[in-house]
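Peer 1: Quick one: the structure is below, and I'll ask about it shortly.
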Amino acid sequence: MQLGDFDVVVVGAGFFGATIAERVASQLGGKVCVLDRRPHIGGNAYSEVDPDSGIEVHRYGTHIFHTNSEAVWSYLHRFTEFTGYRHRVFTVAQGRLYSMPINLATISAAFGRVMTPQEAQAAIAKEADAHGATAAQNLEDKAIASVGRTLYDLLIRGYTRKQWQTEPRELSAEIIGRLPVRLTFDDRYFADRYEGMPADGYTAIFRRMLADPNIALHLGVDYFDVADQIRPDQLVVYTGPIDRFFRYRCGELGWRTVDFAREVHDVADFQGAAVINYADAEVPFTRVHEFRHLHPERDYSQPKTTIYREYSRFAGRDDEPYYPINTAADRAILHGYRSMMAKHPNLVFGGRLGSYKYLDMHQAIGAALKTFENEITAFLAERKMPAAAAMAG
Ligand code: FAD
Ligand code: UDP
């Protein structure tokens, strides 16, 4: 592999990297090399057929596509159709099952009586007032302010501590902001305008995105083993962890990783839903994924099913970093790396790992489309790529 032959080197074949590669190749006719240290494309959205059950599984945990962005939704339709799948999640706590995110059914079940929206609101407000935190600075205060103490203790506290191994008071309020609270019986996990599963799986999307003859794909290659080949006039789009890029000079950013324990069962249905969360602190896993439920339209007729139990822990340097923890200390370290980035004009950092931001798939794609339009086209126009110069105006 000669990196010097390419206009752009993309590090990472996840959604951010694949979108950039596809745009540069198809819109500008640029020559792109995509590297990934894993042996497969797709980053964390990678899907594959489990050989023992024949069911398509998501190796890095259940991925549901959802977005409000017309631009991202129509961009992805170039590479896939979507099914009408709507995600619904349940949480087991103290031997009972609750609908998640918290809605009127959850509140009624937790308080042991049927409630109107007004009664539910009053019950929550009473508990939130008793707690007294108005300016919700951290996850615990924000959660109690929005769902009250009963629901917090039952469904959030144990789950969050297990998932983050950090006291909820130390976590950013933003994390819980991802979960809506509804005073209706609407039990959909996501409220976005568009939602669905790619009809023939996530990996098929990446295969099509990276099929352009201007794209050369090299899997099982770590960028740092070949970085010395990069010339200063080449553009590098790096979607790996920022702290690793800078050899941890400003310190290590906190990440959480997850381990999945795979089980194949000789039953047609193990749990009746794609995802069931486990809130109790004594249960060591946070959730159980059963992938067959993501595609009810498929003919998975064999009496076998694959499940993954998900266990959460801090990531060491050799683990896959999945979720930025983002404490105040992390933000100070990130600030240091941002200053260092500014000194590398031929480098673009992006994606979840490269920006140290919890991005959903649609956000990673949306950010890549913007980066392509705003930064990459200008960079290549300056280097006299005619199509880029025309696009940059
Ligand atoms: P990634 O997919 O992480 O890709 C980065 C790639 O860079 C990786 O393949 C990595 O191997 C490669 N790389 C890193 N360093 C190097 C190096 N030095 N050399 C070569 N290659 C390198 N989003 C949703 O929208 N819906 C969901 O339901 C959802 N569920 C999720 C569940 C879990 C458990 C997790 C972890 C994430 C979930 N996400 C979900 C988020 C989704 O995975 C991300 O939005 C998406 O993967 C981001 O794409 P990316 O390209 O930024 O990063
Ligand atoms: N959460 C919880 N109980 C649940 C589900 C979620 O307490 O049953 C909290 C938890 O703090 C989690 C946050 O809500 O980190 C966001 O949930 P989400 O499902 O978005 O988590 P992710 O997709 O990040 O794993």
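Naming scheme: A, B, ... for chains in displayed order of the structure tokens; residues 1 onward per chain; ligands 1 onward as shown.
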Around ligand 1, at most 7 Å away and counting only C-alpha atoms and all ligand atoms, which residues are there? Put them as number ranges by chain, please.
Peer 2: A: 11-17, 35-38, 41-45, 60-66, 221-224, 239-241, 258, 322-323, 350-353, 359-364
Peer 1: Return as a VMD selection string the full set of residues in segment 45-195 of chain A whose backbone-based DSSP assignment is strand (DSSP E).
Peer 2: chain A and resid 47 to 49 56 to 58 65 to 67 89 to 93 96 to 100 194 to 195
Peer 1: Which residues, written as a PyMOL selection string, have at least one atom at most 12 Å from Ala71 of chain A, with only C-alpha atoms counted and residues fewer than 5 positions away on the same chain left out?
Peer 2: chain A and resi 76-78+194+362-363+365-370
Peer 1: Write the residues of the preceding selection, restricted to N, CA and C atoms, as a PDB file, in the first residue's frame.
Peer 2:
ATOM      1  N   LEU A  76     -28.784   8.578   2.995  1.00  0.00           N
ATOM      2  CA  LEU A  76     -28.642   7.128   3.230  1.00  0.00           C
ATOM      3  C   LEU A  76     -29.495   6.297   2.279  1.00  0.00           C
ATOM      4  N   HIS A  77     -30.592   6.900   1.805  1.00  0.00           N
ATOM      5  CA  HIS A  77     -31.436   6.165   0.850  1.00  0.00           C
ATOM      6  C   HIS A  77     -30.727   5.883  -0.468  1.00  0.00           C
ATOM      7  N   ARG A  78     -29.591   6.523  -0.711  1.00  0.00           N
ATOM      8  CA  ARG A  78     -28.810   6.149  -1.901  1.00  0.00           C
ATOM      9  C   ARG A  78     -28.239   4.744  -1.755  1.00  0.00           C
ATOM     10  N   TYR A 194     -38.012  10.071  11.362  1.00  0.00           N
ATOM     11  CA  TYR A 194     -37.660   8.884  10.578  1.00  0.00           C
ATOM     12  C   TYR A 194     -37.004   7.848  11.479  1.00  0.00           C
ATOM     13  N   HIS A 362     -26.862   9.027  12.884  1.00  0.00           N
ATOM     14  CA  HIS A 362     -27.293  10.129  12.006  1.00  0.00           C
ATOM     15  C   HIS A 362     -26.463  11.386  12.267  1.00  0.00           C
ATOM     16  N   GLN A 363     -26.017  11.549  13.522  1.00  0.00           N
ATOM     17  CA  GLN A 363     -25.192  12.735  13.833  1.00  0.00           C
ATOM     18  C   GLN A 363     -23.795  12.588  13.241  1.00  0.00           C
ATOM     19  N   ILE A 365     -23.087  10.927  10.513  1.00  0.00           N
ATOM     20  CA  ILE A 365     -23.232  11.139   9.061  1.00  0.00           C
ATOM     21  C   ILE A 365     -23.449  12.629   8.766  1.00  0.00           C
ATOM     22  N   GLY A 366     -24.322  13.259   9.545  1.00  0.00           N
ATOM     23  CA  GLY A 366     -24.608  14.690   9.337  1.00  0.00           C
ATOM     24  C   GLY A 366     -23.344  15.519   9.507  1.00  0.00           C
ATOM     25  N   ALA A 367     -22.542  15.195  10.530  1.00  0.00           N
ATOM     26  CA  ALA A 367     -21.300  15.945  10.764  1.00  0.00           C
ATOM     27  C   ALA A 367     -20.336  15.715   9.606  1.00  0.00           C
ATOM     28  N   ALA A 368     -20.293  14.493   9.081  1.00  0.00           N
ATOM     29  CA  ALA A 368     -19.375  14.195   7.968  1.00  0.00           C
ATOM     30  C   ALA A 368     -19.804  14.953   6.712  1.00  0.00           C
ATOM     31  N   LEU A 369     -21.107  15.022   6.468  1.00  0.00           N
ATOM     32  CA  LEU A 369     -21.576  15.753   5.274  1.00  0.00           C
ATOM     33  C   LEU A 369     -21.177  17.231   5.378  1.00  0.00           C
ATOM     34  N   LYS A 370     -21.300  17.790   6.572  1.00  0.00           N
ATOM     35  CA  LYS A 370     -20.930  19.210   6.776  1.00  0.00           C
ATOM     36  C   LYS A 370     -19.424  19.396   6.632  1.00  0.00           C
TER      37      LYS A 370
END
Peer 1: Neighbouring residues of ligand 2 are defined here as those with any atom at most 8 Å from a ligand atom, counting only C-alpha atoms and all ligand atoms; list them as a ChimeraX atom specification.
Peer 2: /A:90-91,100-101,139,152,155-161,163-164,168,175-179,277-279,323,358
Peer 1: Using N, CA and C atoms, can you write the selected residues to a file as a compact mmCIF listing (two decimals), in the first residue's frame?
Peer 2:
# COMPACT_ATOMS: atom_id res chain seq x y z
N PHE A 90 -37.99 -2.29 27.26
CA PHE A 90 -38.57 -2.56 28.57
C PHE A 90 -37.44 -2.65 29.59
N THR A 91 -37.74 -2.26 30.83
CA THR A 91 -36.73 -2.37 31.89
C THR A 91 -37.28 -3.27 32.99
N MET A 100 -40.02 1.61 28.88
CA MET A 100 -38.95 2.62 28.89
C MET A 100 -38.87 3.24 27.51
N PRO A 101 -38.75 4.53 27.28
CA PRO A 101 -38.55 5.55 28.30
C PRO A 101 -39.81 5.77 29.14
N LEU A 139 -26.51 14.52 36.55
CA LEU A 139 -27.52 13.55 36.11
C LEU A 139 -28.57 13.28 37.19
N TYR A 152 -36.72 7.46 39.87
CA TYR A 152 -35.25 7.55 39.81
C TYR A 152 -34.64 6.35 40.53
N LEU A 155 -35.65 2.90 38.49
CA LEU A 155 -35.27 2.62 37.10
C LEU A 155 -33.98 3.27 36.63
N ILE A 156 -33.52 4.31 37.34
CA ILE A 156 -32.39 5.07 36.80
C ILE A 156 -31.11 4.91 37.60
N ARG A 157 -31.22 5.02 38.91
CA ARG A 157 -30.01 5.07 39.74
C ARG A 157 -29.12 3.84 39.52
N GLY A 158 -29.69 2.65 39.71
CA GLY A 158 -28.91 1.41 39.62
C GLY A 158 -28.37 1.20 38.22
N TYR A 159 -29.23 1.45 37.23
CA TYR A 159 -28.84 1.24 35.84
C TYR A 159 -27.69 2.18 35.47
N THR A 160 -27.82 3.44 35.85
CA THR A 160 -26.81 4.44 35.49
C THR A 160 -25.47 4.14 36.17
N ARG A 161 -25.52 3.74 37.44
CA ARG A 161 -24.26 3.42 38.15
C ARG A 161 -23.57 2.22 37.51
N GLN A 163 -23.98 1.29 34.39
CA GLN A 163 -23.55 1.61 33.03
C GLN A 163 -22.31 2.50 33.02
N TRP A 164 -22.22 3.40 33.96
CA TRP A 164 -21.13 4.39 33.92
C TRP A 164 -20.06 4.18 34.99
N PRO A 168 -24.07 8.96 39.81
CA PRO A 168 -24.90 9.83 38.97
C PRO A 168 -24.71 11.33 39.26
N ILE A 175 -26.56 13.43 29.73
CA ILE A 175 -26.73 11.99 29.43
C ILE A 175 -28.19 11.58 29.58
N ILE A 176 -28.81 12.07 30.65
CA ILE A 176 -30.18 11.64 30.90
C ILE A 176 -31.15 12.43 30.01
N GLY A 177 -30.68 13.56 29.52
CA GLY A 177 -31.48 14.36 28.58
C GLY A 177 -31.79 13.57 27.31
N ARG A 178 -31.00 12.52 27.06
CA ARG A 178 -31.26 11.69 25.88
C ARG A 178 -32.56 10.90 26.02
N LEU A 179 -32.99 10.68 27.27
CA LEU A 179 -34.19 9.86 27.50
C LEU A 179 -35.39 10.77 27.74
N ASN A 277 -33.76 -3.91 29.36
CA ASN A 277 -32.79 -3.35 30.30
C ASN A 277 -32.99 -3.97 31.68
N TYR A 278 -31.91 -4.01 32.45
CA TYR A 278 -31.99 -4.53 33.82
C TYR A 278 -31.49 -3.45 34.78
N ALA A 279 -32.42 -2.91 35.57
CA ALA A 279 -32.08 -1.74 36.39
C ALA A 279 -31.42 -2.10 37.72
N TYR A 323 -18.07 4.95 24.85
CA TYR A 323 -18.83 6.13 25.31
C TYR A 323 -17.90 7.11 26.01
N TYR A 358 -20.55 11.92 22.19
CA TYR A 358 -21.46 10.81 21.98
C TYR A 358 -22.33 11.14 20.76
Peer 1: At a cut-off of 8 Å, using only C-alpha atoms, what residues contact segment 211-220 of chain A? Leave out same-chain residues fewer than 6 positions from it and give the result as a VMD selection string.
Peer 2: chain A and resid 21 to 22 25 to 26 29 to 41
Peer 1: List the spatial neighbours of Asn326 of chain A as a ChimeraX atom specification - criterion: any atom at most 10 Å away, only C-alpha atoms, same-chain residues fewer than 2 positions off excluded.
Peer 2: /A:171-172,175,253-255,323-324,328-334,356-358
Peer 1: Mind dumping the selected residues with all heavy atoms as a compact mmCIF listing (two decimals), in the first residue's frame?
Peer 2:
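Saved file again_0.txt follows:
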# COMPACT_ATOMS: atom_id res chain seq x y z
N LEU A 171 -22.03 12.72 37.02
CA LEU A 171 -22.22 12.63 35.56
C LEU A 171 -22.95 13.85 35.04
O LEU A 171 -23.76 14.46 35.75
CB LEU A 171 -23.02 11.37 35.22
CG LEU A 171 -22.29 10.04 35.38
CD1 LEU A 171 -23.28 8.87 35.34
CD2 LEU A 171 -21.24 9.88 34.28
N SER A 172 -22.71 14.13 33.77
CA SER A 172 -23.34 15.29 33.16
C SER A 172 -24.84 15.08 32.98
O SER A 172 -25.29 13.98 32.60
CB SER A 172 -22.65 15.54 31.81
OG SER A 172 -23.57 15.97 30.88
N ILE A 175 -26.56 13.43 29.73
CA ILE A 175 -26.73 11.99 29.43
C ILE A 175 -28.19 11.58 29.58
O ILE A 175 -28.74 10.88 28.73
CB ILE A 175 -25.85 11.14 30.38
CG1 ILE A 175 -24.37 11.41 30.10
CG2 ILE A 175 -26.17 9.66 30.26
CD1 ILE A 175 -23.41 10.74 31.09
N LEU A 253 -8.23 10.48 27.99
CA LEU A 253 -9.64 10.82 28.11
C LEU A 253 -10.40 9.60 28.64
O LEU A 253 -10.06 8.47 28.29
CB LEU A 253 -10.20 11.20 26.73
CG LEU A 253 -9.70 12.54 26.19
CD1 LEU A 253 -9.99 12.67 24.70
CD2 LEU A 253 -10.36 13.68 26.96
N GLY A 254 -11.41 9.84 29.47
CA GLY A 254 -12.18 8.74 30.05
C GLY A 254 -13.19 8.17 29.06
O GLY A 254 -13.96 8.91 28.44
N TRP A 255 -13.15 6.87 28.89
CA TRP A 255 -14.11 6.19 28.01
C TRP A 255 -14.72 5.04 28.76
O TRP A 255 -14.09 4.44 29.63
CB TRP A 255 -13.41 5.59 26.78
CG TRP A 255 -12.83 6.55 25.83
CD1 TRP A 255 -11.54 7.00 25.79
CD2 TRP A 255 -13.50 7.17 24.73
NE1 TRP A 255 -11.38 7.87 24.74
CE2 TRP A 255 -12.56 7.99 24.07
CE3 TRP A 255 -14.81 7.12 24.24
CZ2 TRP A 255 -12.86 8.75 22.95
CZ3 TRP A 255 -15.13 7.87 23.13
CH2 TRP A 255 -14.17 8.68 22.50
N TYR A 323 -18.07 4.95 24.85
CA TYR A 323 -18.83 6.13 25.31
C TYR A 323 -17.90 7.11 26.01
O TYR A 323 -17.27 6.76 27.01
CB TYR A 323 -19.89 5.71 26.33
CG TYR A 323 -20.96 4.81 25.78
CD1 TYR A 323 -20.84 3.43 25.85
CD2 TYR A 323 -22.12 5.34 25.20
CE1 TYR A 323 -21.82 2.59 25.35
CE2 TYR A 323 -23.10 4.53 24.70
CZ TYR A 323 -22.95 3.15 24.78
OH TYR A 323 -23.93 2.33 24.28
N PRO A 324 -17.81 8.35 25.52
CA PRO A 324 -17.01 9.35 26.25
C PRO A 324 -17.66 9.62 27.60
O PRO A 324 -18.87 9.84 27.68
CB PRO A 324 -17.08 10.60 25.36
CG PRO A 324 -18.07 10.33 24.29
CD PRO A 324 -18.46 8.88 24.32
N ALA A 328 -15.61 16.84 34.10
CA ALA A 328 -14.94 18.14 33.97
C ALA A 328 -13.45 17.93 33.66
O ALA A 328 -12.85 18.66 32.86
CB ALA A 328 -15.13 18.94 35.25
N ALA A 329 -12.84 16.91 34.28
CA ALA A 329 -11.41 16.63 34.04
C ALA A 329 -11.20 16.25 32.57
O ALA A 329 -10.23 16.67 31.94
CB ALA A 329 -10.94 15.52 34.96
N ASP A 330 -12.12 15.45 32.03
CA ASP A 330 -12.01 15.07 30.61
C ASP A 330 -12.08 16.30 29.71
O ASP A 330 -11.36 16.40 28.72
CB ASP A 330 -13.16 14.12 30.22
CG ASP A 330 -13.00 12.74 30.83
OD1 ASP A 330 -11.86 12.26 30.90
OD2 ASP A 330 -14.03 12.14 31.22
N ARG A 331 -12.98 17.21 30.07
CA ARG A 331 -13.15 18.39 29.21
C ARG A 331 -11.89 19.26 29.20
O ARG A 331 -11.53 19.84 28.19
CB ARG A 331 -14.40 19.18 29.61
CG ARG A 331 -15.69 18.43 29.22
CD ARG A 331 -16.92 19.29 29.34
NE ARG A 331 -17.30 19.53 30.72
CZ ARG A 331 -18.04 18.71 31.46
NH1 ARG A 331 -18.48 17.57 30.96
NH2 ARG A 331 -18.34 19.01 32.71
N ALA A 332 -11.19 19.30 30.35
CA ALA A 332 -9.94 20.08 30.41
C ALA A 332 -8.89 19.43 29.50
O ALA A 332 -8.16 20.11 28.77
CB ALA A 332 -9.44 20.17 31.85
N ILE A 333 -8.82 18.10 29.53
CA ILE A 333 -7.85 17.37 28.69
C ILE A 333 -8.19 17.61 27.22
O ILE A 333 -7.32 17.88 26.38
CB ILE A 333 -7.88 15.86 29.03
CG1 ILE A 333 -7.35 15.63 30.46
CG2 ILE A 333 -7.09 15.04 28.01
CD1 ILE A 333 -7.47 14.20 30.95
N LEU A 334 -9.48 17.53 26.90
CA LEU A 334 -9.92 17.71 25.51
C LEU A 334 -9.52 19.09 24.99
O LEU A 334 -9.11 19.24 23.84
CB LEU A 334 -11.45 17.54 25.46
CG LEU A 334 -12.10 17.62 24.09
CD1 LEU A 334 -11.59 16.50 23.19
CD2 LEU A 334 -13.62 17.53 24.21
N TYR A 356 -14.60 13.16 20.46
CA TYR A 356 -14.92 12.86 21.85
C TYR A 356 -16.32 13.35 22.20
O TYR A 356 -16.56 14.05 23.17
CB TYR A 356 -13.88 13.49 22.80
CG TYR A 356 -13.97 12.96 24.22
CD1 TYR A 356 -13.68 11.63 24.51
CD2 TYR A 356 -14.36 13.77 25.29
CE1 TYR A 356 -13.78 11.13 25.80
CE2 TYR A 356 -14.45 13.29 26.59
CZ TYR A 356 -14.17 11.96 26.83
OH TYR A 356 -14.26 11.47 28.12
N LYS A 357 -17.28 12.93 21.32
CA LYS A 357 -18.68 13.31 21.56
C LYS A 357 -19.53 12.08 21.36
O LYS A 357 -19.29 11.32 20.42
CB LYS A 357 -19.13 14.32 20.50
CG LYS A 357 -18.82 15.72 20.83
CD LYS A 357 -19.67 16.65 19.95
CE LYS A 357 -19.08 18.03 19.99
NZ LYS A 357 -18.88 18.60 18.69
N TYR A 358 -20.55 11.92 22.19
CA TYR A 358 -21.46 10.81 21.98
C TYR A 358 -22.33 11.14 20.76
O TYR A 358 -23.25 11.93 20.85
CB TYR A 358 -22.35 10.55 23.20
CG TYR A 358 -23.10 9.28 22.97
CD1 TYR A 358 -22.66 8.08 23.51
CD2 TYR A 358 -24.19 9.23 22.12
CE1 TYR A 358 -23.29 6.90 23.22
CE2 TYR A 358 -24.81 8.06 21.81
CZ TYR A 358 -24.36 6.89 22.37
OH TYR A 358 -24.98 5.71 22.06
Peer 1: If we count only C-alpha atoms, what is near segment 309-311 of chain A at a cut-off of 9 Å, once residues fewer than 2 positions away on the same chain are taken out, given as a list of chain:residue names?
Peer 2: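 What passes the distance filter is A:Gly61, A:Lys162, A:Gln163, A:Thr257, A:Val258, A:Asp259, A:Phe260, A:Ala261, A:Arg262, A:Glu263, A:Pro284, A:Phe285, A:Thr286, A:Arg287, A:Val288, A:His289, A:Ile307, A:Arg313.
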Peer 1: Nearest residue to Arg231 of chain A out of A:Glu252, A:Glu375, A:Asn346, A:Val275, using only C-alpha atoms?
Peer 2: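 Using only C-alpha atoms, Arg231 of chain A sits closest to A:Asn346.
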Peer 1: Using only C-alpha atoms, find each residue of segment 142-253 of chain A with at least one atom at most 10 Å away from an atom of segment 109-129 of chain A; report its shortest atom-to-atom pair and that distance in Å (one decimal), sort the rows by chain and rising residue number, and return the result as JSON lines.
Peer 2:
{"residue": "A:Lys142", "atom": "CA", "partner": "A:Ala128", "partner_atom": "CA", "distance": 9.5}
{"residue": "A:Ala143", "atom": "CA", "partner": "A:Ala128", "partner_atom": "CA", "distance": 9.1}
{"residue": "A:Ile144", "atom": "CA", "partner": "A:Ala128", "partner_atom": "CA", "distance": 5.7}
{"residue": "A:Ala145", "atom": "CA", "partner": "A:Ala128", "partner_atom": "CA", "distance": 4.8}
{"residue": "A:Ser146", "atom": "CA", "partner": "A:Ala128", "partner_atom": "CA", "distance": 7.2}
{"residue": "A:Val147", "atom": "CA", "partner": "A:Ile124", "partner_atom": "CA", "distance": 5.6}
{"residue": "A:Gly148", "atom": "CA", "partner": "A:Ile124", "partner_atom": "CA", "distance": 4.7}
{"residue": "A:Arg149", "atom": "CA", "partner": "A:Glu127", "partner_atom": "CA", "distance": 5.8}
{"residue": "A:Thr150", "atom": "CA", "partner": "A:Ala110", "partner_atom": "CA", "distance": 7.5}
{"residue": "A:Leu151", "atom": "CA", "partner": "A:Ala110", "partner_atom": "CA", "distance": 6.8}
{"residue": "A:Leu154", "atom": "CA", "partner": "A:Ala110", "partner_atom": "CA", "distance": 8.0}
{"residue": "A:Leu155", "atom": "CA", "partner": "A:Ala110", "partner_atom": "CA", "distance": 9.3}
{"residue": "A:Arg182", "atom": "CA", "partner": "A:Pro117", "partner_atom": "CA", "distance": 9.0}
{"residue": "A:Leu183", "atom": "CA", "partner": "A:Pro117", "partner_atom": "CA", "distance": 5.2}
{"residue": "A:Thr184", "atom": "CA", "partner": "A:Pro117", "partner_atom": "CA", "distance": 6.7}
{"residue": "A:Phe185", "atom": "CA", "partner": "A:Pro117", "partner_atom": "CA", "distance": 9.5}
Peer 1: Pull the helix (DSSP H, G or I) assignments for segment 17-261 of chain A out of DSSP run on the backbone, and list those residues as an MDAnalysis selection string.
Peer 2: chainID A and resid 17:28 43:45 70:76 104:111 117:131 139:164 168:170 173:177 202:209 223:229 242:245
